[in-house]
Amino acid sequence: MELLVAPVAWLAARPWLTLVCAGAMEIVWAVGLKYTAGFTRPLASLAVAIAIVASVLLLGLAARSLPIGVAYAVWSGIGAVGAVLAGTLLLGDPLSLRSGFFLALIVTGIVGLKLG
């Protein structure tokens with residue numbers, strides 16, 4: 001248990017970094033869903049479950065210090081933008097100019113929340 005205390009305390013002191021890590025885990029599980037084949041592949045399914053738990057735990061840790069509305073919006077925005085970009089780069093999902101424009105608006109909103 002002592003091995004977990006130091007990293008948790010370190011992350012708790014850095015809520016924005018913790019929130020970015022939570023968003024990264026959000027991207028991992030969202031993209032990972034594609035590899036589970038409807039949860040018929042046990043290892044991929046386990047990896048997705050672990051990423052979901054990690055994402056929510058990190059969000060909760062960041063929300064200790066950040067307003068929940070800001071934390072949740074940034075977390076979901078990182079996950080949404082990251083999942084679209086990962087899907088495009090890793091899975092060949094299409095990304096139109098129009099979609100790219102709206103992704104840029106989400107990023108602008110995330111930055112605005114951070115600065116606000």
# chains A, B, ... in the order shown; residues from 1 in each chain; ligands from 1
$ residues_around --residues "Ala104 of chain A" --least-positions-apart "5" --cutoff "9 Å" --atoms "only C-alpha atoms" --output "ChimeraX atom specification"
/A:81,99,109
$ residues_around --residues "segment 71-74 of chain A" --least-positions-apart "3" --cutoff "9 Å" --atoms "only C-alpha atoms" --output "VMD selection string"
chain A and resid 16 19 to 20 23 59 to 60 62 to 63 66 to 68 77 to 79 109 to 111 113 to 114
$ residues_around --residues "segment 45-52 of chain A" --least-positions-apart "2" --cutoff "9 Å" --atoms "only C-alpha atoms" --output "number ranges by chain"
A: 25-33, 35-43, 54-57
$ atom_distance --atom1 "atom CA of Leu17 of chain A" --atom2 "atom CA of Ser65 of chain A"
11.8 Å
$ atom_distance --atom1 "atom CA of Ala80 of chain A" --atom2 "atom CA of Ala44 of chain A"
20.3 Å
$ atom_distance --atom1 "atom CA of Trp75 of chain A" --atom2 "atom CA of Ala24 of chain A"
8.7 Å
$ closest_residue --among "A:Ala13, A:Ile106, A:Leu91, A:Ala22" --to "Leu58 of chain A" --atoms "only C-alpha atoms"
A:Ala22
